[in-house]
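Written below as structure tokens is the structure these notes are about.
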Amino acid sequence: MANQYCIAISELHPNFSHPKIVGIIIGKSDVKCFSDRRNAGAERFTFSFTIKDSPDFFINVTAWGNEGFVSRLSNSFGIGDCVTIENPLVSSKDPVKGDTFCPSTPSLYRLMVDESHCQVHLCEDMDTVDRLLPLIHLPVKDPRDFYSLGDIEANGRSLDGMLINILAAVKSVGELRQFTTSDGRQGQRLELKLFDDLVPSFPLVCWDREPIQLVHSQISKGTVLFIADAKISFDSFRKGMTATVNSKTIITVNPDTREASLLFGFAKKAADSGALEQDQTPEDMTVESITDVYTVNQLKQRAKDTEVFFGITYSFITRLDLDSPLSRVIRTRCARCKTLVNDDVQSCFNQLCPGRGQVFSSTTGFDLLVDVTDHTGTLSACTLRSPEAEKTLGCTKDEFTSLTDDERTVMKWTFLLERCKIYMKVVPTTKLKSGVRGVILDCSLADPGEVKYHMTALLQQD
């Protein structure tokens, strides 16, 4: 019969009979399949998870068995759940492999779970759960032992291939991308953009389902992360360093540490100031490569499910304030982060500006807010800025300033209430009531035949 009392992870030993352990899950791997060496043609399935029962002690658990058992067990709990494990095998770590392919733990042992002898279930004792829950916010490494993003960039390629700890905040969560490998396996990729008080944007890439599930369930813009054993590599395409979540990585969300608290304060100020809305997307696609056509309502709906995307809409211009005061039509922005600056104060106040500490430079040009409308609704406050605005209007900012009020009104009515072909980047944002910010990349009066063809196709989709 199993013991009625739980054994602390720090006291585990292979000589224990029928041990019972309770802990909170702080890490979890995807289910994997291997050929069964004992039975030719058969397959065995496995996954691992890491549990913690005190501030200093945690241990890895590996489940083995057939597909049904392993899949059911994996689906029954996730990171942040408290579980009870009854009758696992307590074994010493492999003297050669050790923790090579799983998170490094202070325990000398690991736990093995199978269907025949063990049970794993959610902990039902609420006093125990209440005791364990705060442990999820304690990093598994020394909270002072981490690289800032500035440290990573300063060290550059000397860190290539290393596993390091990172403390950073989340700037944005990218779109989940599904793909099929050359051998037919399904894969996925999710990229987060991190930031701190020194670096405005740094990529963290997740390839496995479990960390992606953690991101979707617990992580949002402004969340502070302590990432233990992230792999750092030089990305030749980006020409910079990149962090990747791997089988050894454990992510602590909103860690309960002094250093994290200071970073959280900075991140909150950055979010409240709107700085996180700046420079949060990859380079714009070329207009020629944008082919997907949307109604306004489809743009809004898709923006709920993805981070950034590009598309074409055949819509009417219902707001174009070219006859507003010049100070509202032509503005000056920081050349590096695009934050608005005052003409008489030649400096950028964006704390996340990539040009901080460098000679300030600015650009002055059209800075318009445009409403676009079709039969499904209106997308308000889309931005149309130079140089795209100059191309659309057929007029430079200097030429525009020399126009009379009547000439500006005539230019306005060339587009107002006219059907246009609009190439747009769509960015979700909490700063606008609609939750969507549209950036116009190109705009021109639409060809009636082209409009009829595409609108017919869209109506058929509906």
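By convention here, the chains of the structure tokens are called A, B, ... in the order presented, each chain's residues are numbered starting at 1, and ligands are numbered starting at 1 in the order presented.
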Write out as CSV the residues of stretch 230-256 of chain A that have any atom within 12 Å of an atom of stretch 36-55 of chain A, one row each with the nearest atom pair and its distance in Å to one decimal, counting only C-alpha atoms, sorted by chain and then rising number.
```
residue,atom,partner,partner_atom,distance
A:Ser247,CA,A:Ser48,CA,9.5
A:Lys248,CA,A:Thr50,CA,10.3
A:Thr249,CA,A:Thr50,CA,10.8
A:Ile250,CA,A:Thr50,CA,9.0
A:Ile251,CA,A:Thr50,CA,11.7
A:Asp256,CA,A:Pro55,CA,11.4
```
For stretch 112-126 of chain A: contacts at 7 Å, only C-alpha atoms, fewer than 4 positions along chain excluded, given as an NGL selection string: :A and (61-65 or 69 or 82-90 or 130)
Shell around stretch 138-149 of chain A at 8 Å using only C-alpha atoms, local window under 3 positions removed, as number ranges by chain: A: 55-56, 134-135, 152-153, 164-168, 195-196, 198-199, 202, 226, 228, 250-252, 255-257, 259
Shell around A:Val224 at 7 Å using only C-alpha atoms, local window under 2 positions removed, as number ranges by chain: A: 168-170, 222, 253-254, 260, 264
Using the selection just defined, write its residues with all heavy atoms as a short mmCIF file (atom, residue, chain, number, x, y, z; two decimals), in the first residue's frame.
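Printed below is again-v1.cif as written:
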```
data_model
loop_
_atom_site.label_atom_id
_atom_site.label_comp_id
_atom_site.auth_asym_id
_atom_site.auth_seq_id
_atom_site.Cartn_x
_atom_site.Cartn_y
_atom_site.Cartn_z
N ALA A 168 13.96 39.64 -18.82
CA ALA A 168 13.46 40.63 -19.78
C ALA A 168 11.94 40.69 -19.70
O ALA A 168 11.30 39.82 -19.10
CB ALA A 168 13.91 40.28 -21.20
N ALA A 169 11.38 41.71 -20.31
CA ALA A 169 9.92 41.86 -20.39
C ALA A 169 9.47 41.59 -21.82
O ALA A 169 10.25 41.67 -22.77
CB ALA A 169 9.50 43.26 -19.96
N VAL A 170 8.18 41.27 -21.96
CA VAL A 170 7.62 40.93 -23.27
C VAL A 170 7.09 42.19 -23.95
O VAL A 170 6.26 42.90 -23.40
CB VAL A 170 6.49 39.90 -23.12
CG1 VAL A 170 5.84 39.61 -24.47
CG2 VAL A 170 7.02 38.61 -22.51
N GLY A 222 4.19 43.17 -21.71
CA GLY A 222 4.54 43.75 -20.43
C GLY A 222 4.89 42.73 -19.36
O GLY A 222 5.41 43.09 -18.30
N VAL A 253 7.35 33.05 -15.03
CA VAL A 253 6.51 34.19 -15.40
C VAL A 253 6.33 35.10 -14.19
O VAL A 253 5.99 34.66 -13.11
CB VAL A 253 5.14 33.71 -15.92
CG1 VAL A 253 4.27 34.90 -16.29
CG2 VAL A 253 5.32 32.79 -17.11
N ASN A 254 6.58 36.40 -14.40
CA ASN A 254 6.48 37.40 -13.33
C ASN A 254 7.21 36.93 -12.07
O ASN A 254 6.60 36.72 -11.01
CB ASN A 254 5.02 37.71 -13.02
CG ASN A 254 4.36 38.48 -14.14
OD1 ASN A 254 5.00 39.28 -14.83
ND2 ASN A 254 3.07 38.25 -14.35
N ALA A 260 13.38 41.64 -10.92
CA ALA A 260 12.20 41.58 -11.77
C ALA A 260 11.22 42.69 -11.44
O ALA A 260 10.56 43.25 -12.33
CB ALA A 260 11.52 40.22 -11.62
N PHE A 264 9.74 45.33 -13.99
CA PHE A 264 8.29 45.44 -14.17
C PHE A 264 7.85 46.91 -14.10
O PHE A 264 7.00 47.35 -14.88
CB PHE A 264 7.54 44.63 -13.11
CG PHE A 264 6.05 44.74 -13.21
CD1 PHE A 264 5.35 44.01 -14.16
CD2 PHE A 264 5.34 45.58 -12.37
CE1 PHE A 264 3.97 44.12 -14.27
CE2 PHE A 264 3.96 45.70 -12.47
CZ PHE A 264 3.28 44.96 -13.43
#
```
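The nearest approach to A:Glu307 among the residues A:Leu225, A:Val427, A:Ile330, A:Leu214, with only C-alpha atoms taken into account, belongs to A:Val427.
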Residue set, stretch 19-139 of chain A restricted to strand (DSSP E or B), as number ranges by chain: A: 20-28, 32-35, 43-52, 58-65, 82-86, 89-92, 109-113, 119-122
Write the residues of the selection above to a file with C-alpha atoms, as a tab-separated table (two decimals), in the first residue's frame.
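So part.tsv came out as:
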```tsv
chain	number	residue	atom	x	y	z
A	20	LYS	CA	4.38	9.67	-2.85
A	21	ILE	CA	5.46	13.14	-4.00
A	22	VAL	CA	3.49	16.33	-4.49
A	23	GLY	CA	4.73	19.41	-6.34
A	24	ILE	CA	3.90	22.20	-8.76
A	25	ILE	CA	4.82	21.76	-12.41
A	26	ILE	CA	7.36	24.38	-13.53
A	27	GLY	CA	8.36	22.87	-16.89
A	28	LYS	CA	7.01	20.34	-19.39
A	32	LYS	CA	7.86	12.24	-28.37
A	33	CYS	CA	7.85	8.83	-30.08
A	34	PHE	CA	10.70	6.31	-30.24
A	35	SER	CA	11.14	2.86	-31.73
A	43	GLU	CA	6.75	2.37	-30.72
A	44	ARG	CA	7.09	3.86	-27.24
A	45	PHE	CA	6.00	7.33	-26.26
A	46	THR	CA	7.44	9.65	-23.64
A	47	PHE	CA	7.40	13.15	-22.22
A	48	SER	CA	9.02	14.83	-19.24
A	49	PHE	CA	7.99	17.41	-16.70
A	50	THR	CA	9.67	19.15	-13.79
A	51	ILE	CA	8.06	19.55	-10.36
A	52	LYS	CA	9.00	21.73	-7.41
A	58	PHE	CA	12.84	20.39	-7.87
A	59	ILE	CA	13.17	17.18	-9.89
A	60	ASN	CA	12.55	15.87	-13.41
A	61	VAL	CA	9.87	13.25	-14.06
A	62	THR	CA	9.75	11.10	-17.22
A	63	ALA	CA	6.65	9.19	-18.33
A	64	TRP	CA	6.93	6.19	-20.67
A	65	GLY	CA	4.30	3.97	-22.25
A	82	CYS	CA	-0.08	20.95	-8.71
A	83	VAL	CA	0.14	17.16	-9.02
A	84	THR	CA	0.50	14.13	-6.79
A	85	ILE	CA	2.74	11.30	-8.04
A	86	GLU	CA	2.25	7.90	-6.43
A	89	LEU	CA	10.57	4.72	-9.67
A	90	VAL	CA	13.32	6.79	-8.06
A	91	SER	CA	16.51	6.33	-10.06
A	92	SER	CA	19.92	7.97	-10.06
A	109	TYR	CA	17.74	11.56	-8.87
A	110	ARG	CA	14.93	11.52	-11.39
A	111	LEU	CA	11.46	9.97	-11.28
A	112	MET	CA	10.13	7.43	-13.79
A	113	VAL	CA	6.39	6.97	-14.36
A	119	GLN	CA	-0.49	7.22	-10.73
A	120	VAL	CA	-0.27	10.94	-11.47
A	121	HIS	CA	-3.24	13.16	-10.71
A	122	LEU	CA	-4.04	16.76	-9.83
```
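Each of A:Thr429, A:Asn155, A:Thr128, A:Asn15 was compared to A:Lys304 using only C-alpha atoms, and A:Thr429 turns out to be the nearest.
Of the listed residues A:Met455, A:Leu192, A:Val329, A:Arg302, the one whose atoms come nearest to A:Val426 is A:Arg302, with distances taken using only C-alpha atoms.
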Who sits within 9 Å of A:Ser220, only C-alpha atoms, same chain under 3 positions skipped, as a short mmCIF file (atom, residue, chain, number, x, y, z; two decimals) with all heavy atoms, in the first residue's frame:
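Once everything was written out, this is selection35.cif:
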```cif
data_model
loop_
_atom_site.label_atom_id
_atom_site.label_comp_id
_atom_site.auth_asym_id
_atom_site.auth_seq_id
_atom_site.Cartn_x
_atom_site.Cartn_y
_atom_site.Cartn_z
N VAL A 170 8.18 41.27 -21.96
CA VAL A 170 7.62 40.93 -23.27
C VAL A 170 7.09 42.19 -23.95
O VAL A 170 6.26 42.90 -23.40
CB VAL A 170 6.49 39.90 -23.12
CG1 VAL A 170 5.84 39.61 -24.47
CG2 VAL A 170 7.02 38.61 -22.51
N LYS A 171 7.59 42.44 -25.13
CA LYS A 171 7.13 43.58 -25.93
C LYS A 171 5.96 43.19 -26.81
O LYS A 171 5.00 43.94 -26.96
CB LYS A 171 8.27 44.11 -26.79
CG LYS A 171 7.92 45.38 -27.57
CD LYS A 171 9.14 45.92 -28.29
CE LYS A 171 8.82 47.27 -28.91
NZ LYS A 171 10.00 47.83 -29.62
N SER A 172 6.03 42.01 -27.41
CA SER A 172 4.92 41.54 -28.25
C SER A 172 5.02 40.03 -28.41
O SER A 172 6.09 39.44 -28.23
CB SER A 172 4.94 42.21 -29.63
OG SER A 172 6.11 41.83 -30.34
N VAL A 173 3.88 39.42 -28.71
CA VAL A 173 3.81 37.98 -29.00
C VAL A 173 3.40 37.84 -30.45
O VAL A 173 2.35 38.34 -30.87
CB VAL A 173 2.79 37.27 -28.08
CG1 VAL A 173 2.71 35.79 -28.44
CG2 VAL A 173 3.18 37.45 -26.61
N VAL A 215 2.98 30.41 -23.36
CA VAL A 215 2.91 31.79 -23.86
C VAL A 215 1.46 32.21 -24.04
O VAL A 215 1.05 33.30 -23.60
CB VAL A 215 3.67 31.91 -25.19
CG1 VAL A 215 3.40 33.27 -25.83
CG2 VAL A 215 5.17 31.74 -24.96
N HIS A 216 0.66 31.36 -24.66
CA HIS A 216 -0.73 31.72 -24.95
C HIS A 216 -1.58 31.83 -23.69
O HIS A 216 -2.53 32.61 -23.64
CB HIS A 216 -1.35 30.68 -25.90
CG HIS A 216 -0.92 30.88 -27.32
ND1 HIS A 216 -1.01 29.90 -28.27
CD2 HIS A 216 -0.38 31.94 -27.97
CE1 HIS A 216 -0.58 30.35 -29.44
NE2 HIS A 216 -0.19 31.59 -29.27
N SER A 217 -1.27 31.06 -22.66
CA SER A 217 -2.12 31.02 -21.47
C SER A 217 -1.69 32.01 -20.39
O SER A 217 -2.52 32.47 -19.60
CB SER A 217 -2.15 29.61 -20.88
OG SER A 217 -0.85 29.20 -20.48
N THR A 223 4.61 41.44 -19.61
CA THR A 223 4.96 40.38 -18.66
C THR A 223 6.48 40.30 -18.52
O THR A 223 7.20 40.35 -19.50
CB THR A 223 4.41 39.03 -19.13
OG1 THR A 223 2.99 39.12 -19.30
CG2 THR A 223 4.72 37.93 -18.12
#
```
Those of stretch 209-441 of chain A in DSSP alpha helix (DSSP H), formatted as a PyMOL selection string: chain A and resi 209-218+258-273+296-303+326-329+388-393+397-401+405-415
Residue nearest A:Gly187 among A:Ser434, A:Pro95, A:Pro325, A:Asp30 (counting only C-alpha atoms): A:Asp30
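Residues in contact range of A:Leu163, defined as at most 10 Å between only C-alpha atoms, with sequence neighbours fewer than 5 positions away removed, read Ala228, Asp229, Ala230, Lys231, Ile232, Ser233, Ala243, Thr244, Val245, Asn246, Lys248 and Thr249 of chain A.
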Among the residues A:Leu403, A:Val96, A:Val31, A:Val341, the one that comes closest to A:Ser74 [using only C-alpha atoms]: A:Val31
